[in-house]
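Chemist: So here's structure_35.csv (CSV, C-alpha atoms).
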```csv
chain,number,residue,atom,x,y,z
V,376,MET,CA,46.4,24.6,-58.6
V,377,LYS,CA,45.7,23.2,-55.2
V,378,VAL,CA,44.8,19.5,-54.8
V,379,LEU,CA,43.3,18.0,-51.6
V,380,ILE,CA,43.3,14.3,-51.1
V,381,LEU,CA,40.7,12.9,-48.7
V,382,ASN,CA,42.2,9.6,-47.5
V,383,GLY,CA,39.2,7.4,-46.6
V,384,GLY,CA,41.2,4.3,-46.0
V,385,VAL,CA,41.4,2.3,-42.8
V,386,ASN,CA,44.5,0.2,-42.7
V,387,SER,CA,44.6,0.3,-46.5
V,388,PRO,CA,48.3,0.0,-47.5
V,389,SER,CA,47.4,0.1,-51.2
V,390,ILE,CA,45.5,3.4,-50.8
V,391,ASP,CA,48.3,4.9,-48.6
V,392,SER,CA,51.1,4.0,-51.1
V,393,SER,CA,49.1,5.2,-54.1
V,394,ILE,CA,48.5,8.5,-52.4
V,395,GLN,CA,52.2,8.9,-51.5
V,396,ASP,CA,53.2,8.2,-55.1
V,397,LEU,CA,50.7,10.6,-56.4
V,398,LYS,CA,51.7,13.3,-54.0
V,399,HIS,CA,55.3,13.0,-55.2
V,400,LYS,CA,54.2,13.1,-58.9
V,401,LEU,CA,52.0,16.2,-58.3
V,402,SER,CA,54.8,17.9,-56.3
V,403,ASP,CA,57.3,17.3,-59.1
V,404,LYS,CA,54.9,19.1,-61.4
V,405,GLY,CA,54.6,22.0,-59.1
V,406,VAL,CA,51.1,21.3,-57.8
V,407,GLU,CA,50.3,22.1,-54.2
V,408,THR,CA,48.9,19.0,-52.6
V,409,GLY,CA,47.4,18.4,-49.2
V,410,GLU,CA,46.0,15.3,-47.6
V,411,LEU,CA,43.4,14.8,-44.9
V,412,ILE,CA,43.6,11.3,-43.3
V,413,LEU,CA,40.0,10.9,-42.3
V,414,ASN,CA,40.7,8.1,-39.9
V,415,GLU,CA,42.8,10.5,-37.8
V,416,MET,CA,40.1,13.3,-37.7
V,417,LYS,CA,37.3,13.7,-35.3
V,418,TYR,CA,33.9,14.4,-36.9
V,419,SER,CA,30.5,13.0,-36.0
V,420,PRO,CA,28.1,11.7,-38.7
V,421,CYS,CA,25.7,14.3,-40.0
V,422,ARG,CA,22.5,14.1,-37.9
V,423,GLY,CA,20.4,15.8,-40.6
V,424,CYS,CA,19.2,18.6,-38.4
V,425,PHE,CA,19.7,21.2,-41.2
V,426,ASN,CA,20.8,23.8,-38.7
V,427,CYS,CA,23.7,24.5,-41.0
V,428,TRP,CA,21.1,25.7,-43.5
V,429,VAL,CA,18.4,27.3,-41.3
V,430,LYS,CA,19.9,28.3,-38.0
V,431,THR,CA,23.6,29.1,-38.4
V,432,PRO,CA,23.7,29.3,-42.3
V,433,GLY,CA,26.9,27.8,-43.7
V,434,LEU,CA,28.1,26.4,-40.3
V,435,CYS,CA,27.5,23.0,-38.7
V,436,VAL,CA,26.4,23.1,-35.1
V,437,PHE,CA,28.9,20.4,-34.2
V,438,ARG,CA,32.2,21.9,-33.2
V,439,ASP,CA,34.6,19.3,-34.5
V,440,ASP,CA,36.8,18.6,-37.6
V,441,GLY,CA,33.8,19.0,-39.9
V,442,ASP,CA,34.8,22.7,-40.1
V,443,VAL,CA,38.3,21.6,-41.2
V,444,LEU,CA,36.7,19.4,-44.0
V,445,CYS,CA,34.5,22.3,-45.2
V,446,ARG,CA,37.3,24.9,-45.2
V,447,GLU,CA,39.9,22.6,-46.9
V,448,VAL,CA,37.5,21.3,-49.5
V,449,LEU,CA,36.2,24.8,-50.4
V,450,HIS,CA,39.8,26.2,-50.8
V,451,SER,CA,40.9,23.5,-53.2
V,452,ASP,CA,40.7,23.3,-57.0
V,453,PHE,CA,40.5,19.6,-57.0
V,454,ILE,CA,39.5,17.0,-54.4
V,455,LEU,CA,40.6,13.4,-54.8
V,456,LEU,CA,38.3,11.0,-52.8
V,457,ALA,CA,40.5,8.0,-52.1
V,458,SER,CA,38.9,4.9,-50.5
V,459,PRO,CA,38.8,1.1,-50.5
V,460,VAL,CA,35.5,-0.3,-51.8
V,461,ILE,CA,33.8,-2.0,-48.9
V,462,MET,CA,30.6,-3.9,-49.4
V,463,GLY,CA,30.3,-2.4,-52.9
V,464,TYR,CA,30.8,1.2,-51.9
V,465,PRO,CA,33.5,3.6,-50.7
V,466,SER,CA,34.1,3.6,-46.9
V,467,ALA,CA,31.8,4.9,-44.3
V,468,LEU,CA,34.6,7.1,-43.2
V,469,LEU,CA,34.5,8.9,-46.6
V,470,LYS,CA,30.7,8.9,-46.7
V,471,ASN,CA,30.5,10.6,-43.3
V,472,ALA,CA,33.0,13.2,-44.5
V,473,LEU,CA,30.9,14.0,-47.6
V,474,ASP,CA,27.7,14.2,-45.5
V,475,ARG,CA,29.4,16.8,-43.3
V,476,ILE,CA,30.3,19.2,-46.2
V,477,ILE,CA,26.7,20.1,-47.0
V,478,PRO,CA,27.1,23.4,-45.1
V,479,LEU,CA,29.0,24.5,-48.3
V,480,ILE,CA,25.8,24.5,-50.4
V,481,HIS,CA,22.6,26.5,-50.0
V,482,PRO,CA,19.3,24.9,-49.0
V,483,TYR,CA,17.5,26.8,-51.8
V,484,LEU,CA,16.5,24.6,-54.7
V,485,GLU,CA,17.0,25.4,-58.4
V,486,ASP,CA,16.4,23.7,-61.8
V,487,ILE,CA,19.5,22.1,-63.2
V,488,GLU,CA,18.8,20.4,-66.5
V,489,GLY,CA,15.2,19.6,-65.6
V,490,GLU,CA,15.9,18.3,-62.1
V,491,VAL,CA,15.8,19.9,-58.7
V,492,HIS,CA,19.2,20.4,-57.0
V,493,HIS,CA,20.6,22.7,-54.3
V,494,MET,CA,22.0,26.2,-55.1
V,495,LYS,CA,25.5,27.3,-54.6
V,496,ARG,CA,26.5,29.1,-51.4
V,497,TYR,CA,30.0,30.0,-52.7
V,498,SER,CA,31.1,31.2,-56.2
V,499,LYS,CA,33.5,28.3,-56.8
V,500,TYR,CA,33.7,24.6,-55.9
V,501,PRO,CA,36.5,22.0,-56.5
V,502,VAL,CA,36.2,19.3,-59.2
V,503,MET,CA,36.1,15.8,-57.8
V,504,GLY,CA,37.9,12.6,-58.7
V,505,LEU,CA,37.7,9.1,-57.2
V,506,LEU,CA,40.6,6.8,-56.4
V,507,LEU,CA,39.3,3.4,-55.4
V,508,GLU,CA,40.9,0.2,-54.1
V,509,LYS,CA,38.9,-2.7,-55.2
V,510,SER,CA,38.2,-5.5,-52.8
V,511,GLY,CA,37.9,-9.2,-53.7
V,512,ASP,CA,34.2,-9.0,-54.5
V,513,THR,CA,34.2,-5.7,-56.4
V,514,ASP,CA,32.9,-6.1,-59.9
V,515,ASP,CA,32.2,-3.8,-62.9
V,516,GLU,CA,28.6,-3.4,-61.8
V,517,ASP,CA,29.8,-2.0,-58.4
V,518,ILE,CA,32.0,0.5,-60.2
V,519,ASN,CA,29.2,1.5,-62.5
V,520,ILE,CA,26.9,2.1,-59.5
V,521,ILE,CA,29.5,4.0,-57.5
V,522,THR,CA,30.3,6.2,-60.6
V,523,GLU,CA,26.7,7.1,-61.2
V,524,ILE,CA,26.1,7.9,-57.5
V,525,PHE,CA,29.2,10.1,-57.3
V,526,GLN,CA,28.3,11.9,-60.5
V,527,ARG,CA,25.0,12.7,-58.8
V,528,ALA,CA,26.7,13.7,-55.6
V,529,ALA,CA,29.1,15.9,-57.4
V,530,LEU,CA,26.2,17.6,-59.1
V,531,ASN,CA,24.5,18.2,-55.8
V,532,LEU,CA,27.7,19.6,-54.3
V,533,GLN,CA,28.0,22.0,-57.2
V,534,SER,CA,31.0,20.1,-58.6
V,535,ARG,CA,31.5,17.5,-61.3
V,536,LEU,CA,33.2,14.0,-61.2
V,537,SER,CA,36.2,14.2,-63.5
V,538,PHE,CA,37.3,10.5,-63.3
V,539,VAL,CA,37.3,7.2,-61.4
V,540,LYS,CA,40.7,5.6,-61.1
V,541,PHE,CA,42.0,2.6,-59.2
V,542,THR,CA,45.0,2.1,-57.0
V,543,THR,CA,46.4,-0.2,-59.7
V,544,ALA,CA,46.8,2.8,-62.0
V,545,GLN,CA,50.2,4.5,-62.4
V,546,ALA,CA,50.5,7.7,-60.3
V,547,GLU,CA,51.7,9.5,-63.4
V,548,GLU,CA,48.4,8.7,-65.1
V,549,THR,CA,46.3,9.9,-62.2
V,550,ALA,CA,48.4,13.1,-61.8
V,551,TYR,CA,47.8,13.8,-65.5
V,552,GLU,CA,44.1,13.4,-65.1
V,553,ILE,CA,44.0,15.7,-62.2
V,554,ILE,CA,46.1,18.4,-63.8
V,555,ASN,CA,44.1,18.2,-67.1
V,556,ASN,CA,40.6,17.8,-65.6
K,1492,MET,CA,4.7,-12.7,-40.9
K,1493,LYS,CA,7.2,-10.8,-38.7
K,1494,LEU,CA,8.8,-7.7,-40.2
K,1495,SER,CA,11.9,-6.4,-38.6
K,1496,ILE,CA,12.6,-2.8,-39.5
K,1497,ILE,CA,15.9,-1.0,-39.1
K,1498,ASN,CA,15.5,2.8,-39.3
K,1499,GLY,CA,18.7,4.3,-40.6
K,1500,SER,CA,17.7,8.0,-40.2
K,1501,PRO,CA,20.2,9.9,-38.0
K,1502,ARG,CA,17.1,11.8,-36.7
K,1503,GLY,CA,15.8,8.5,-35.4
K,1504,THR,CA,12.4,8.5,-33.8
K,1505,SER,CA,11.7,12.1,-34.8
K,1506,SER,CA,12.6,11.5,-38.4
K,1507,ASN,CA,10.5,11.7,-41.6
K,1508,THR,CA,11.5,8.1,-42.2
K,1509,GLU,CA,9.9,7.2,-38.9
K,1510,LYS,CA,6.6,8.9,-39.8
K,1511,LEU,CA,6.5,7.0,-43.2
K,1512,LEU,CA,7.3,3.7,-41.4
K,1513,GLU,CA,4.4,4.2,-39.0
K,1514,HIS,CA,1.9,4.4,-41.9
K,1515,PHE,CA,3.5,1.4,-43.6
K,1516,ILE,CA,3.3,-0.6,-40.4
K,1517,LYS,CA,-0.3,0.5,-39.8
K,1518,GLY,CA,-1.2,-1.1,-43.2
K,1519,PHE,CA,1.1,-4.1,-42.7
K,1520,ILE,CA,-0.4,-5.2,-39.3
K,1521,GLU,CA,-4.0,-5.1,-40.7
K,1522,THR,CA,-3.4,-8.7,-41.8
K,1523,GLU,CA,-4.0,-11.0,-38.9
K,1524,GLY,CA,-0.9,-12.5,-37.4
K,1525,ASN,CA,1.5,-9.9,-38.8
K,1526,ILE,CA,3.8,-8.2,-36.4
K,1527,ALA,CA,6.5,-5.5,-36.8
K,1528,GLU,CA,9.5,-4.5,-34.7
K,1529,LYS,CA,11.7,-1.5,-35.1
K,1530,TYR,CA,15.4,-0.8,-34.4
K,1531,TYR,CA,17.5,2.4,-34.9
K,1532,VAL,CA,20.9,2.6,-36.5
K,1533,PHE,CA,21.8,5.8,-34.5
K,1534,LYS,CA,21.3,3.9,-31.2
K,1535,GLU,CA,23.5,1.0,-32.2
K,1536,ARG,CA,26.7,2.7,-33.3
K,1537,PRO,CA,29.5,1.8,-33.4
K,1538,SER,CA,29.4,-1.9,-32.8
K,1539,PHE,CA,26.0,-2.7,-34.3
K,1540,GLU,CA,26.0,-6.0,-32.3
K,1541,ASN,CA,22.2,-5.9,-31.7
K,1542,LEU,CA,21.5,-5.2,-35.4
K,1543,LYS,CA,23.7,-8.0,-36.5
K,1544,LYS,CA,21.6,-10.3,-34.3
K,1545,VAL,CA,18.5,-8.9,-36.0
K,1546,PHE,CA,20.0,-9.7,-39.4
K,1547,LEU,CA,20.7,-13.3,-38.3
K,1548,ASP,CA,17.3,-13.8,-36.7
K,1549,ALA,CA,14.8,-11.9,-38.9
K,1550,GLU,CA,12.2,-13.4,-41.1
K,1551,VAL,CA,11.7,-10.3,-43.3
K,1552,LEU,CA,14.1,-7.3,-42.9
K,1553,MET,CA,13.5,-3.8,-44.0
K,1554,ILE,CA,16.3,-1.2,-44.0
K,1555,ALA,CA,14.9,2.3,-44.2
K,1556,PHE,CA,16.9,5.5,-44.7
K,1557,PRO,CA,16.8,9.1,-46.0
K,1558,LEU,CA,19.0,10.0,-49.0
K,1559,TYR,CA,22.1,11.8,-47.8
K,1560,VAL,CA,24.4,13.2,-50.6
K,1561,ASP,CA,22.8,10.9,-53.1
K,1562,ALA,CA,23.3,7.7,-51.1
K,1563,MET,CA,22.8,6.1,-47.7
K,1564,PRO,CA,23.8,8.2,-44.6
K,1565,GLY,CA,27.3,7.5,-43.5
K,1566,SER,CA,26.1,5.8,-40.3
K,1567,VAL,CA,24.0,3.4,-42.4
K,1568,LYS,CA,27.1,2.6,-44.4
K,1569,GLU,CA,28.9,1.9,-41.1
K,1570,PHE,CA,26.1,-0.6,-40.3
K,1571,ILE,CA,26.4,-2.2,-43.8
K,1572,GLU,CA,30.1,-2.6,-43.3
K,1573,SER,CA,29.4,-4.4,-40.0
K,1574,LEU,CA,27.5,-7.1,-42.0
K,1575,GLU,CA,30.5,-8.0,-44.1
K,1576,GLY,CA,31.3,-11.0,-42.0
K,1577,LEU,CA,27.7,-12.3,-42.2
K,1578,LYS,CA,27.7,-12.6,-46.0
K,1579,GLY,CA,26.0,-15.8,-47.1
K,1580,LYS,CA,24.8,-16.6,-43.6
K,1581,ARG,CA,21.1,-15.9,-44.3
K,1582,PRO,CA,20.2,-17.3,-47.7
K,1583,ASP,CA,16.5,-17.5,-46.5
K,1584,LEU,CA,16.3,-13.9,-45.4
K,1585,LYS,CA,13.9,-11.7,-47.3
K,1586,ILE,CA,15.3,-8.2,-47.4
K,1587,MET,CA,13.8,-4.9,-48.7
K,1588,PHE,CA,14.6,-1.2,-48.5
K,1589,MET,CA,12.7,2.0,-48.0
K,1590,ILE,CA,14.5,5.1,-49.3
K,1591,GLN,CA,13.0,8.6,-49.0
K,1592,ASN,CA,14.4,11.9,-50.1
K,1593,GLY,CA,13.7,15.6,-49.5
K,1594,PHE,CA,13.7,16.7,-53.2
K,1595,PRO,CA,10.3,16.8,-54.8
K,1596,GLU,CA,11.2,14.0,-57.3
K,1597,THR,CA,11.7,10.3,-56.5
K,1598,HIS,CA,14.2,9.9,-59.3
K,1599,HIS,CA,17.1,10.9,-57.0
K,1600,ASN,CA,16.7,7.6,-55.2
K,1601,ARG,CA,17.0,5.4,-58.2
K,1602,PHE,CA,20.8,5.3,-58.1
K,1603,VAL,CA,21.2,4.1,-54.5
K,1604,GLU,CA,18.3,1.8,-55.2
K,1605,ARG,CA,20.6,-0.1,-57.6
K,1606,TYR,CA,23.1,-0.3,-54.8
K,1607,CYS,CA,20.5,-1.7,-52.4
K,1608,ALA,CA,19.5,-4.4,-54.9
K,1609,LYS,CA,23.2,-5.4,-55.4
K,1610,LEU,CA,23.7,-5.3,-51.6
K,1611,ALA,CA,20.9,-7.8,-51.1
K,1612,GLY,CA,22.7,-10.2,-53.5
K,1613,ARG,CA,26.1,-9.5,-51.9
K,1614,LEU,CA,24.7,-10.5,-48.5
K,1615,GLY,CA,23.3,-13.6,-50.1
K,1616,CYS,CA,19.7,-12.7,-49.2
K,1617,ILE,CA,16.4,-12.7,-51.2
K,1618,TYR,CA,15.7,-9.2,-52.5
K,1619,LEU,CA,12.1,-8.1,-52.3
K,1620,GLY,CA,12.5,-4.6,-53.7
K,1621,SER,CA,12.8,-1.0,-52.6
K,1622,ILE,CA,10.1,1.5,-51.7
K,1623,CYS,CA,11.3,4.9,-53.0
K,1624,LYS,CA,9.7,8.2,-52.4
K,1625,GLY,CA,10.7,11.8,-52.9
K,1626,GLY,CA,9.2,15.0,-51.4
K,1627,CYS,CA,9.5,13.8,-47.8
K,1628,GLU,CA,11.3,16.8,-46.2
K,1629,GLY,CA,9.3,18.8,-43.8
K,1630,LEU,CA,6.4,16.4,-43.5
K,1631,THR,CA,5.3,18.2,-40.3
K,1632,ILE,CA,5.0,21.5,-42.1
K,1633,GLN,CA,3.9,20.6,-45.6
K,1634,PRO,CA,0.2,21.3,-46.5
K,1635,PRO,CA,-1.9,18.5,-44.9
K,1636,VAL,CA,-3.4,17.5,-48.3
K,1637,LEU,CA,0.1,16.7,-49.7
K,1638,VAL,CA,1.2,14.8,-46.5
K,1639,GLU,CA,-2.0,12.8,-46.3
K,1640,LYS,CA,-1.4,11.6,-49.9
K,1641,VAL,CA,2.1,10.4,-49.0
K,1642,PHE,CA,1.0,8.7,-45.8
K,1643,SER,CA,-1.9,7.0,-47.6
K,1644,GLY,CA,0.5,5.7,-50.2
K,1645,PHE,CA,2.7,4.2,-47.4
K,1646,TYR,CA,-0.3,2.7,-45.7
K,1647,LYS,CA,-1.4,1.1,-48.9
K,1648,ALA,CA,2.1,-0.3,-49.6
K,1649,GLY,CA,2.2,-1.7,-46.1
K,1650,ARG,CA,-1.3,-3.3,-46.4
K,1651,SER,CA,-0.5,-4.8,-49.8
K,1652,PHE,CA,2.8,-6.2,-48.5
K,1653,GLY,CA,1.1,-7.5,-45.3
K,1654,GLU,CA,-1.4,-9.4,-47.4
K,1655,THR,CA,0.9,-10.9,-50.1
K,1656,GLY,CA,4.5,-10.8,-48.7
K,1657,LYS,CA,5.5,-9.0,-51.9
K,1658,LEU,CA,6.0,-5.4,-52.9
K,1659,ASP,CA,3.5,-4.7,-55.7
K,1660,PRO,CA,5.2,-2.9,-58.5
K,1661,GLU,CA,2.0,-1.0,-59.3
K,1662,VAL,CA,1.7,0.2,-55.7
K,1663,LEU,CA,5.3,1.3,-55.7
K,1664,THR,CA,5.0,3.1,-59.0
K,1665,LYS,CA,2.0,5.1,-57.8
K,1666,LEU,CA,3.7,5.9,-54.5
K,1667,ALA,CA,6.8,7.1,-56.2
K,1668,ARG,CA,4.9,9.8,-58.2
K,1669,PRO,CA,6.2,12.3,-59.2
K,1670,GLU,CA,9.2,10.5,-60.5
K,1671,HIS,CA,10.2,13.6,-62.4
K,1672,LEU,CA,8.7,17.1,-62.5
K,1673,THR,CA,7.5,18.7,-65.7
K,1674,PRO,CA,9.0,22.2,-66.6
K,1675,GLU,CA,5.7,23.7,-65.4
K,1676,ASN,CA,5.9,21.8,-62.1
K,1677,LEU,CA,9.5,22.9,-61.6
K,1678,LEU,CA,8.4,26.6,-62.0
K,1679,GLN,CA,5.8,26.1,-59.3
K,1680,VAL,CA,7.5,23.8,-56.8
K,1681,ILE,CA,10.9,25.4,-56.5
K,1682,PRO,CA,9.8,28.9,-55.3
K,1683,MET,CA,7.2,27.2,-53.0
K,1684,VAL,CA,9.9,25.0,-51.3
K,1685,ASN,CA,12.3,27.9,-51.1
K,1686,ASN,CA,9.8,30.4,-49.7
K,1687,PHE,CA,7.6,28.2,-47.7
K,1688,LEU,CA,9.9,25.5,-46.3
K,1689,TRP,CA,13.4,27.1,-46.1
K,1690,ASP,CA,12.5,30.8,-45.6
K,1691,GLY,CA,9.9,29.6,-43.0
K,1692,MET,CA,12.6,27.8,-41.0
K,1693,LEU,CA,15.1,30.6,-41.4
K,1694,THR,CA,12.5,33.1,-40.2
K,1695,LYS,CA,11.6,30.9,-37.2
K,1696,ASN,CA,15.3,30.8,-36.3
K,1697,ASN,CA,15.7,34.5,-36.8
K,1698,ALA,CA,18.4,33.7,-39.4
K,1699,MET,CA,17.0,35.3,-42.6
K,1700,ASP,CA,19.6,38.0,-42.6
K,1701,LYS,CA,22.3,35.3,-42.5
K,1702,LYS,CA,21.0,33.0,-45.1
K,1703,PHE,CA,23.6,33.8,-47.7
K,1704,ASP,CA,26.5,33.8,-45.2
K,1705,LYS,CA,29.8,32.4,-46.4
K,1706,PRO,CA,31.7,31.6,-43.2
K,1707,PHE,CA,34.5,29.7,-45.0
K,1708,GLU,CA,35.3,32.3,-47.7
```
Starting from the file, lay out its structure as structure tokens.

Modeler:
Amino acid sequence: MKVLILNGGVNSPSIDSSIQDLKHKLSDKGVETGELILNEMKYSPCRGCFNCWVKTPGLCVFRDDGDVLCREVLHSDFILLASPVIMGYPSALLKNALDRIIPLIHPYLEDIEGEVHHMKRYSKYPVMGLLLEKSGDTDDEDINIITEIFQRAALNLQSRLSFVKFTTAQAEETAYEIINN
Amino acid sequence: MKLSIINGSPRGTSSNTEKLLEHFIKGFIETEGNIAEKYYVFKERPSFENLKKVFLDAEVLMIAFPLYVDAMPGSVKEFIESLEGLKGKRPDLKIMFMIQNGFPETHHNRFVERYCAKLAGRLGCIYLGSICKGGCEGLTIQPPVLVEKVFSGFYKAGRSFGETGKLDPEVLTKLARPEHLTPENLLQVIPMVNNFLWDGMLTKNNAMDKKFDKPFE
């Protein structure tokens, strides 16, 4: 099993230490774990040109770390999206990363449970989990909103959201959830 | 009434969001004394200083954006984060949102709409509501009859808002149709979008033979 952690924190000690603990736990259990520190990567926000769907299918026209994001996500069995909650939602850093992996799906639409969604480009996609650091004004409604949106996003990225955990959780617990997703 | 609009589409002035806003504004300024001004998130990255001033000075503020991976585009989230220090500074500011998506159904917008309503409260502003509309991809190449219906809906929403200062729930509900597609609609719409919109663009770009490419496999 290969786990990829997308670290969407910016000066977030709680996120960083949770990730370190989790990586040790997963490593102890023989799970291959990688981490992309988004703040250290160079990728532009998606400009919505759709060239990755209609001009160079499967490839973004920007030549930056967006390609690294796509490759690493696709070749993982599980991606853990780790981020502080800022203004009621995970960081812009993480959102820009998710916007840049749309080359992994196909523009064609299909009927999924009575709704229109995009088709797969590849045969297999990783399962997703969310690891959040709450801020002072984060409440249960925020978490509910985030969970629903990420369930939808996972569906549109041909994945599924396995869990939402917080940095206050024990690394052992999060590792268990990942391995048994 | 003065309406300040922040267009959050990364496509900026050439976006579908911009086209919809033009029709909303056309209806809005029909009421004497109403004026509208527009700003663009993509031009203001990364400091957003100008947009923060707009937030501090506006009478009525609309933040408009396309749905990206089921939420706001990342650059709009950057802008929202830049407002963190201004929470509670504008208790008199009336704020509303316009969210459009490229899927045929409006339902996809309802989840981020909840976020927008919560955001208005988090900023300490007066939430006027959100205009939600699906089916907005390829407005320049969709059949004119469909596009005119969408534009007319935005014009009516703008006119109604210009007259009353409120978003009429009945107008918004009509504009949002179809909220969902029936099984029969799904069977018709999906091949139409795939063959007409996507294959049309792939053919234009001489990329039909590459459409199922898997460059990261």

Chemist: For V:Ile487, work out the shell of residues within 12 Å, counting only C-alpha atoms and skipping chain neighbours fewer than 2 positions away, then give it as a PDB file with C-alpha atoms, in the frame of the given file.

Modeler:
```
ATOM      1  CA  LEU V 484      16.500  24.600 -54.700  1.00  0.00           C
ATOM      2  CA  GLU V 485      17.000  25.400 -58.400  1.00  0.00           C
ATOM      3  CA  GLY V 489      15.200  19.600 -65.600  1.00  0.00           C
ATOM      4  CA  GLU V 490      15.900  18.300 -62.100  1.00  0.00           C
ATOM      5  CA  VAL V 491      15.800  19.900 -58.700  1.00  0.00           C
ATOM      6  CA  HIS V 492      19.200  20.400 -57.000  1.00  0.00           C
ATOM      7  CA  HIS V 493      20.600  22.700 -54.300  1.00  0.00           C
ATOM      8  CA  MET V 494      22.000  26.200 -55.100  1.00  0.00           C
ATOM      9  CA  LYS V 495      25.500  27.300 -54.600  1.00  0.00           C
ATOM     10  CA  ARG V 527      25.000  12.700 -58.800  1.00  0.00           C
ATOM     11  CA  LEU V 530      26.200  17.600 -59.100  1.00  0.00           C
ATOM     12  CA  ASN V 531      24.500  18.200 -55.800  1.00  0.00           C
ATOM     13  CA  GLN V 533      28.000  22.000 -57.200  1.00  0.00           C
TER      14      GLN V 533
ATOM     15  CA  LEU K1672       8.700  17.100 -62.500  1.00  0.00           C
ATOM     16  CA  PRO K1674       9.000  22.200 -66.600  1.00  0.00           C
ATOM     17  CA  LEU K1677       9.500  22.900 -61.600  1.00  0.00           C
ATOM     18  CA  ILE K1681      10.900  25.400 -56.500  1.00  0.00           C
TER      19      ILE K1681
END
```

Chemist: Would you mind reading off the distance between atom CA of K:Phe1533 and atom CA of V:Gly433, one decimal, in Å?

Modeler: 24.4 Å

Chemist: Using only C-alpha atoms, which of the listed residues (K:Ile1632, K:Phe1602, K:Tyr1559, K:Asn1541) sits closest to K:Phe1687?

Modeler: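 Residue with the minimum atom-to-atom distance to K:Phe1687: K:Ile1632.
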
Chemist: Any idea which chain V residues end up within 8 Å of chain K if we count only C-alpha atoms, as a ChimeraX atom specification please?

Modeler: /V:420-424,428-434,445-446,449,461-463,466-471,473-474,481-486,489-492,496-497,517,520,523-525,527-528,531

Chemist: Which of these residues is nearest to K:Phe1515, using only C-alpha atoms: K:Leu1658, K:Leu1547, K:Val1636, K:Cys1616?

Modeler: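 The closest residue to K:Phe1515 is K:Leu1658.
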
Chemist: So how far away is atom CA of V:Ala546 from atom CA of V:Leu505, in Å?

Modeler: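 These atoms are spaced 13.2 Å apart.
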
Chemist: Quick one: residues within 6 Å of K:Asn1592, only C-alpha atoms, excluding same-chain residues fewer than 3 positions away - as a list in words?

Modeler: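 Counting only the stated atoms, we get Pro1557, Leu1558, Gly1625 and Cys1627 of chain K.
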
Chemist: What is the distance between atom CA of V:Leu455 and atom CA of V:Asn556, in Å to one decimal?

Modeler: 11.7 Å

Chemist: Between V:Lys400, V:Lys417, V:Leu479, V:Ile390, single out the one closest to V:Phe437, counting all atoms listed in the file.

Modeler: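 The shortest atom-to-atom distance to V:Phe437 comes from V:Lys417.
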
Chemist: Counting only C-alpha atoms, write as a PDB file with C-alpha atoms, in the frame of the given file all protein and nucleic acid residues lying at most 6 Å from (32.8, 20.2, -44.2) in the file's frame.

Modeler:
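This went into out.pdb:
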```
ATOM      1  CA  GLY V 441      33.800  19.000 -39.900  1.00  0.00           C
ATOM      2  CA  ASP V 442      34.800  22.700 -40.100  1.00  0.00           C
ATOM      3  CA  LEU V 444      36.700  19.400 -44.000  1.00  0.00           C
ATOM      4  CA  CYS V 445      34.500  22.300 -45.200  1.00  0.00           C
ATOM      5  CA  ARG V 475      29.400  16.800 -43.300  1.00  0.00           C
ATOM      6  CA  ILE V 476      30.300  19.200 -46.200  1.00  0.00           C
TER       7      ILE V 476
END
```

Chemist: Could stretch 511-520 of chain V be completed with N, CA and C atoms and returned as a PDB file, in the frame of the given file?

Modeler:
```pdb
ATOM      1  N   GLY V 511      38.035  -7.944 -52.956  1.00  0.00           N
ATOM      2  CA  GLY V 511      37.900  -9.200 -53.700  1.00  0.00           C
ATOM      3  C   GLY V 511      36.586  -9.389 -54.405  1.00  0.00           C
ATOM      4  N   ASP V 512      35.520  -8.806 -53.860  1.00  0.00           N
ATOM      5  CA  ASP V 512      34.200  -9.000 -54.500  1.00  0.00           C
ATOM      6  C   ASP V 512      33.732  -7.824 -55.318  1.00  0.00           C
ATOM      7  N   THR V 513      34.626  -6.875 -55.569  1.00  0.00           N
ATOM      8  CA  THR V 513      34.200  -5.700 -56.400  1.00  0.00           C
ATOM      9  C   THR V 513      34.153  -6.094 -57.851  1.00  0.00           C
ATOM     10  N   ASP V 514      33.022  -5.797 -58.482  1.00  0.00           N
ATOM     11  CA  ASP V 514      32.900  -6.100 -59.900  1.00  0.00           C
ATOM     12  C   ASP V 514      32.559  -4.841 -60.712  1.00  0.00           C
ATOM     13  N   ASP V 515      32.425  -5.010 -62.025  1.00  0.00           N
ATOM     14  CA  ASP V 515      32.200  -3.800 -62.900  1.00  0.00           C
ATOM     15  C   ASP V 515      30.853  -3.162 -62.555  1.00  0.00           C
ATOM     16  N   GLU V 516      29.876  -3.964 -62.137  1.00  0.00           N
ATOM     17  CA  GLU V 516      28.600  -3.400 -61.800  1.00  0.00           C
ATOM     18  C   GLU V 516      28.721  -2.446 -60.575  1.00  0.00           C
ATOM     19  N   ASP V 517      29.526  -2.886 -59.589  1.00  0.00           N
ATOM     20  CA  ASP V 517      29.800  -2.000 -58.400  1.00  0.00           C
ATOM     21  C   ASP V 517      30.364  -0.689 -58.860  1.00  0.00           C
ATOM     22  N   ILE V 518      31.348  -0.762 -59.737  1.00  0.00           N
ATOM     23  CA  ILE V 518      32.000   0.500 -60.200  1.00  0.00           C
ATOM     24  C   ILE V 518      31.059   1.375 -60.919  1.00  0.00           C
ATOM     25  N   ASN V 519      30.210   0.741 -61.714  1.00  0.00           N
ATOM     26  CA  ASN V 519      29.200   1.500 -62.500  1.00  0.00           C
ATOM     27  C   ASN V 519      28.237   2.210 -61.484  1.00  0.00           C
ATOM     28  N   ILE V 520      27.794   1.480 -60.462  1.00  0.00           N
ATOM     29  CA  ILE V 520      26.900   2.100 -59.500  1.00  0.00           C
ATOM     30  C   ILE V 520      27.562   3.201 -58.718  1.00  0.00           C
TER      31      ILE V 520
END
```
